[in-house]
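J.: This is coords.tsv (TSV, C-alpha atoms).
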chain	number	residue	atom	x	y	z
A	129	MET	CA	83.55	57.86	110.94
A	130	PHE	CA	85.56	61.00	111.64
A	131	ASP	CA	87.30	59.73	114.77
A	132	PHE	CA	90.67	60.44	113.14
A	133	LEU	CA	89.95	64.18	113.51
A	134	GLU	CA	89.88	64.00	117.31
A	135	GLY	CA	92.82	65.71	118.94
A	136	TYR	CA	93.56	67.89	115.91
A	137	ASP	CA	92.61	71.55	115.60
A	138	VAL	CA	91.39	71.44	111.99
A	139	LEU	CA	89.31	74.60	112.29
A	140	GLY	CA	92.24	76.43	113.85
A	141	ALA	CA	94.49	75.38	110.97
A	142	PHE	CA	91.99	76.63	108.40
A	143	TRP	CA	91.57	79.85	110.40
A	144	THR	CA	95.32	80.39	110.04
A	145	THR	CA	94.92	79.82	106.29
A	146	VAL	CA	92.15	82.43	106.19
A	147	GLN	CA	94.31	84.91	108.09
A	148	LEU	CA	97.23	84.32	105.73
A	149	THR	CA	94.92	84.89	102.77
A	150	VAL	CA	93.36	88.07	104.16
A	151	PHE	CA	96.58	89.76	105.29
A	152	SER	CA	98.51	88.73	102.19
A	153	GLY	CA	95.57	89.71	99.96
A	154	VAL	CA	95.39	93.21	101.41
A	155	GLY	CA	99.16	93.64	101.28
A	156	SER	CA	99.45	92.36	97.71
A	157	LEU	CA	96.58	94.59	96.58
A	158	VAL	CA	98.26	97.71	97.98
A	159	TRP	CA	101.70	96.78	96.65
A	160	GLY	CA	100.23	95.59	93.34
A	161	ILE	CA	98.47	98.93	92.81
A	162	LEU	CA	101.73	100.78	93.46
A	163	LEU	CA	103.57	98.50	91.03
A	164	ALA	CA	100.88	99.02	88.38
A	165	ALA	CA	101.18	102.78	88.85
A	166	MET	CA	104.94	102.48	88.39
A	167	ARG	CA	104.52	100.44	85.21
A	168	VAL	CA	102.37	103.12	83.57
A	169	SER	CA	104.30	106.02	85.08
A	170	PRO	CA	105.86	108.66	82.83
A	171	VAL	CA	109.07	108.36	84.89
A	172	PRO	CA	111.46	105.89	83.17
A	173	LEU	CA	113.14	104.82	86.43
A	174	MET	CA	109.82	103.87	88.02
A	175	ARG	CA	108.68	102.04	84.88
A	176	GLY	CA	111.95	100.13	84.83
A	177	PHE	CA	111.69	99.14	88.48
A	178	GLY	CA	108.07	98.00	88.13
A	179	THR	CA	108.80	95.98	85.00
A	180	ALA	CA	111.90	94.36	86.48
A	181	TYR	CA	110.14	93.50	89.74
A	182	VAL	CA	107.16	91.85	88.03
A	183	ASN	CA	109.24	89.90	85.50
A	184	ILE	CA	111.70	88.66	88.11
A	185	VAL	CA	109.28	87.79	90.92
A	186	ARG	CA	106.76	86.03	88.67
A	187	ASN	CA	109.50	83.68	87.45
A	188	ILE	CA	110.77	82.72	90.92
A	189	PRO	CA	109.01	79.73	92.56
A	190	LEU	CA	106.96	80.78	95.58
A	191	THR	CA	108.68	78.16	97.75
A	192	ILE	CA	112.03	79.87	97.17
A	193	ILE	CA	110.58	83.26	98.11
A	194	ILE	CA	109.01	81.87	101.29
A	195	LEU	CA	112.24	80.11	102.26
A	196	PHE	CA	114.21	83.28	101.59
A	197	THR	CA	112.02	85.23	104.01
A	198	SER	CA	112.83	82.69	106.72
A	199	LEU	CA	116.39	81.62	105.98
A	200	GLY	CA	117.47	84.91	104.43
A	201	LEU	CA	115.69	87.73	106.23
A	202	ALA	CA	115.26	86.07	109.62
A	203	ASP	CA	118.32	83.84	110.00
A	204	ILE	CA	120.96	85.77	108.05
A	205	PHE	CA	119.86	89.40	108.34
A	206	GLY	CA	118.17	89.06	111.73
A	207	VAL	CA	114.80	90.48	110.68
A	208	THR	CA	112.45	89.70	113.59
A	209	MET	CA	109.24	91.27	112.18
A	210	GLY	CA	108.67	93.02	115.49
A	211	THR	CA	108.46	89.90	117.67
A	212	GLU	CA	110.65	87.25	119.26
A	213	ASP	CA	107.89	84.64	119.20
A	214	PHE	CA	108.92	82.06	116.59
A	215	LYS	CA	105.34	81.20	115.56
A	216	ILE	CA	104.25	84.82	115.13
A	217	GLN	CA	107.48	85.63	113.31
A	218	GLY	CA	106.95	82.71	110.92
A	219	PHE	CA	103.40	83.85	110.22
A	220	ARG	CA	104.48	87.42	109.47
A	221	LEU	CA	107.34	86.27	107.27
A	222	ALA	CA	104.93	84.05	105.35
A	223	VAL	CA	102.61	87.03	104.83
A	224	LEU	CA	105.57	89.08	103.59
A	225	GLY	CA	106.61	86.39	101.11
A	226	LEU	CA	103.07	85.77	99.85
A	227	THR	CA	102.52	89.52	99.48
A	228	ALA	CA	105.74	90.05	97.53
A	229	TYR	CA	104.88	87.18	95.17
A	230	THR	CA	101.16	87.79	94.68
A	231	ALA	CA	101.59	91.55	94.14
A	232	ALA	CA	103.29	90.84	90.81
A	233	PHE	CA	100.15	89.10	89.54
A	234	VAL	CA	97.87	91.77	91.01
A	235	CYS	CA	99.94	94.38	89.22
A	236	GLU	CA	99.52	92.72	85.84
A	237	ALA	CA	95.78	92.27	86.37
A	238	ILE	CA	95.35	95.95	87.24
A	239	ARG	CA	97.61	97.06	84.39
A	240	SER	CA	95.46	95.12	81.96
A	241	GLY	CA	92.46	96.99	83.35
A	242	ILE	CA	94.25	100.31	82.96
A	243	ASN	CA	94.88	99.47	79.30
A	244	THR	CA	91.12	99.10	78.74
A	245	VAL	CA	90.48	102.72	79.71
A	246	PRO	CA	90.36	104.91	76.58
A	247	VAL	CA	93.49	107.00	76.19
A	248	GLY	CA	91.34	110.05	75.43
A	249	GLN	CA	90.10	110.13	79.03
A	250	ALA	CA	93.62	110.48	80.40
A	251	GLU	CA	94.43	113.12	77.80
A	252	ALA	CA	91.29	115.05	78.72
A	253	ALA	CA	92.27	114.86	82.40
A	254	ARG	CA	95.71	116.27	81.64
A	255	ALA	CA	94.10	118.98	79.52
A	256	ILE	CA	92.10	120.27	82.50
A	257	GLY	CA	95.22	120.34	84.67
A	258	LEU	CA	95.08	117.05	86.59
A	259	SER	CA	98.41	115.52	87.53
A	260	PHE	CA	99.36	111.93	86.69
A	261	THR	CA	98.52	110.79	90.23
A	262	GLN	CA	95.15	112.54	90.18
A	263	THR	CA	94.31	111.13	86.76
A	264	LEU	CA	95.18	107.64	87.91
A	265	ARG	CA	93.30	107.90	91.22
A	266	ILE	CA	90.16	109.71	90.07
A	267	ILE	CA	89.62	108.55	86.49
A	268	VAL	CA	91.68	105.53	85.47
A	269	LEU	CA	91.83	103.20	88.49
A	270	PRO	CA	88.09	103.23	89.31
A	271	GLN	CA	87.32	102.05	85.77
A	272	ALA	CA	90.25	99.64	85.73
A	273	PHE	CA	89.09	97.92	88.92
A	274	ARG	CA	85.61	97.38	87.52
A	275	SER	CA	87.03	95.55	84.52
A	276	VAL	CA	89.45	93.30	86.43
A	277	ILE	CA	87.34	91.99	89.32
A	278	GLY	CA	87.28	88.57	87.62
A	279	PRO	CA	91.07	88.32	87.18
A	280	LEU	CA	91.63	89.61	90.72
A	281	ALA	CA	89.25	86.92	91.99
A	282	ASN	CA	91.42	84.30	90.27
A	283	VAL	CA	94.51	85.78	91.91
A	284	LEU	CA	92.81	85.66	95.33
A	285	ILE	CA	91.81	82.02	94.84
A	286	ALA	CA	95.36	81.17	93.78
A	287	LEU	CA	96.64	83.00	96.87
A	288	THR	CA	94.38	80.91	99.12
A	289	LYS	CA	95.85	77.74	97.66
A	290	ASN	CA	99.39	79.14	97.73
A	291	THR	CA	99.18	79.60	101.52
A	292	THR	CA	100.00	75.89	101.75
A	293	VAL	CA	103.59	76.80	100.84
A	294	ALA	CA	103.87	78.49	104.25
A	295	ALA	CA	104.20	74.97	105.66
A	296	ALA	CA	107.80	75.08	104.38
A	297	ILE	CA	108.73	77.48	107.20
A	298	GLY	CA	106.59	75.81	109.87
A	299	VAL	CA	103.48	78.00	109.82
A	300	ALA	CA	100.66	75.94	111.36
A	301	GLU	CA	98.15	76.31	108.52
A	302	ALA	CA	95.97	73.64	106.91
A	303	ALA	CA	98.67	71.92	104.83
A	304	THR	CA	100.97	71.63	107.85
A	305	LEU	CA	98.27	69.94	109.91
A	306	MET	CA	97.32	67.66	107.02
A	307	LYS	CA	100.93	66.48	106.74
A	308	THR	CA	101.04	65.80	110.49
A	309	MET	CA	97.77	63.89	110.40
A	310	ILE	CA	98.86	61.75	107.45
A	311	GLU	CA	102.05	60.85	109.30
A	312	ASN	CA	100.13	59.88	112.45
A	313	GLU	CA	96.90	58.38	111.14
A	314	ALA	CA	96.02	55.56	108.76
A	315	GLN	CA	93.11	57.41	107.07
A	316	THR	CA	95.10	59.01	104.26
A	317	LEU	CA	92.24	59.27	101.74
A	318	ALA	CA	89.77	60.53	104.32
A	319	ILE	CA	92.22	63.15	105.58
A	320	GLY	CA	92.92	64.32	102.03
A	321	ALA	CA	89.19	64.52	101.33
A	322	VAL	CA	88.53	66.60	104.46
A	323	PHE	CA	91.22	69.15	103.62
A	324	ALA	CA	90.26	69.25	99.94
A	325	LEU	CA	86.68	69.98	100.98
A	326	GLY	CA	87.94	72.69	103.33
A	327	PHE	CA	89.73	74.49	100.51
A	328	VAL	CA	86.68	74.17	98.26
A	329	VAL	CA	84.57	75.78	100.98
A	330	LEU	CA	87.09	78.63	101.20
A	331	THR	CA	87.53	79.27	97.49
A	332	LEU	CA	84.27	78.38	95.73
A	333	PRO	CA	81.99	80.98	97.41
A	334	THR	CA	84.67	83.65	96.93
A	335	GLY	CA	84.97	82.85	93.23
A	336	LEU	CA	81.21	82.79	92.68
A	337	PHE	CA	80.63	86.06	94.54
A	338	LEU	CA	83.45	87.97	92.86
A	339	GLY	CA	82.44	86.55	89.47
A	340	TRP	CA	78.90	87.84	90.01
A	341	LEU	CA	80.26	91.18	91.24
A	342	GLY	CA	82.50	91.48	88.19
A	343	LYS	CA	79.54	91.02	85.84
A	344	ARG	CA	77.42	93.44	87.88
A	345	LEU	CA	80.04	96.20	87.85
A	346	ALA	CA	81.45	95.61	84.38
A	347	VAL	CA	82.08	98.81	82.43
A	348	LYS	CA	79.72	99.08	79.48
A	349	ARG	CA	81.62	100.32	76.44
What do you get writing this file as structure tokens?
T.:
Amino acid sequence: MFDFLEGYDVLGAFWTTVQLTVFSGVGSLVWGILLAAMRVSPVPLMRGFGTAYVNIVRNIPLTIIILFTSLGLADIFGVTMGTEDFKIQGFRLAVLGLTAYTAAFVCEAIRSGINTVPVGQAEAARAIGLSFTQTLRIIVLPQAFRSVIGPLANVLIALTKNTTVAAAIGVAEAATLMKTMIENEAQTLAIGAVFALGFVVLTLPTGLFLGWLGKRLAVKR
């Protein structure tokens, strides 16, 4: 029944998808937190940069960003990402593009969480001598994260599905293999079903777990 899968490394392709999701997720979380901090910063220049970055990047199609990392950074500017291996370079460029794009959505999710923290807490922190960075790190962000686990879960699920765009620059993830299999095999519906099921297996448990975690850690106000 599944003879059409013979000769294809389906698990390896999905493993590449998982790696893209994990590395891009961590990168976008770090960059998204920094962007959120800029957006609520008392420094006008930082607020302006954060706002401009989010508004511009969110309105650029992900495919264009991914292609820019390959055709722009690699081919035009000669950015090698620390390796001469084409496959590794493509993977790292895909992570860079996914991180740059997803961080804008992470930033907005975290900023919405920051806005749920009562202003009086930040004022009290400043009154006892805490700096903006200390207030954000010790008081505001811990509460903000607890209130945005659900939205961040949605961003992570979207990121998992967005990894398919990496096929545009030749990264051997699930969508790339699916395209190859459809071109070579006659079982189009079966191939589509297998890969659809694979993405459900990747995203559904993550969504259920983070949804449960968000309810468990929700801030009671």
J.: Show me, as AutoDock Vina command-line options, the centre and edge lengths in Å to one decimal of the axis-aligned box that covers every listed atom of stretch 202-221 of chain A with 5 Å on each side.
T.:
--center_x 112.2 --center_y 87.1 --center_z 113.3 --size_x 27.6 --size_y 21.8 --size_z 22.0
J.: What does the structure give for the distance between atom CA of A:Arg344 and atom CA of A:Val283, in Å to one decimal?
T.: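 Atom-to-atom, atom CA of A:Arg344 and atom CA of A:Val283 are spaced 19.2 Å apart.
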J.: For A:Ser152, which residue out of A:Thr230, A:Thr292, A:Thr179, A:Thr197 is the nearest one, using all atoms listed in the file?
T.: A:Thr230
J.: Could you check how far atom CA of A:Thr144 sits from atom CA of A:Ala303, in Å to one decimal?
T.: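 About the pair atom CA of A:Thr144 and atom CA of A:Ala303: they are 10.5 Å apart.
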J.: Can you work out which one of A:Val299, A:Ala286, A:Leu280, A:Thr191 has the shortest atom-to-atom distance to A:Leu330, counting all atoms listed in the file?
T.: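 Smallest separation from A:Leu330 among the options: A:Ala286.
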J.: If I put a ball of radius 12 Å at (95.2, 80.5, 109.1) in the file's coordinates, which residues poke into it when counting all atoms listed in the file, written as an NGL selection string?
T.: :A and (137-152 or 216 or 219-220 or 222-223 or 288-289 or 291-292 or 294-295 or 299-305 or 327 or 330)
J.: What lies within 8 Å of stretch 262-267 of chain A using all atoms listed in the file, ignoring chain neighbours under 4 positions off, as an MDAnalysis selection string?
T.: chainID A and resid 165 249:250 253:254 258 271
J.: Please measure the separation of atom CA of A:Ile193 and atom CA of A:Tyr181, giving the value in Å to one decimal.
T.: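 About the pair atom CA of A:Ile193 and atom CA of A:Tyr181: they are 13.2 Å apart.
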J.: Determine, counting only C-alpha atoms, every residue of protein, DNA or RNA that lies within 10 Å of (89.8, 86.3, 91.6) in the file coordinates, then give the result as a VMD selection string.
T.: chain A and resid 234 237 276 to 287 331 334 to 339 342
J.: So, counting all atoms listed in the file, which residue among A:Gly257, A:Gly178, A:Pro172, A:Gly225 is closest to A:Leu199?
T.: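 Looking only at the distances to A:Leu199, the closest residue turns out to be A:Gly225.
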J.: Using only C-alpha atoms, which residue out of A:Ala252, A:Thr227, A:Leu133, A:Arg239 lies closest to A:Gln315?
T.: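 The closest residue to A:Gln315 is A:Leu133.
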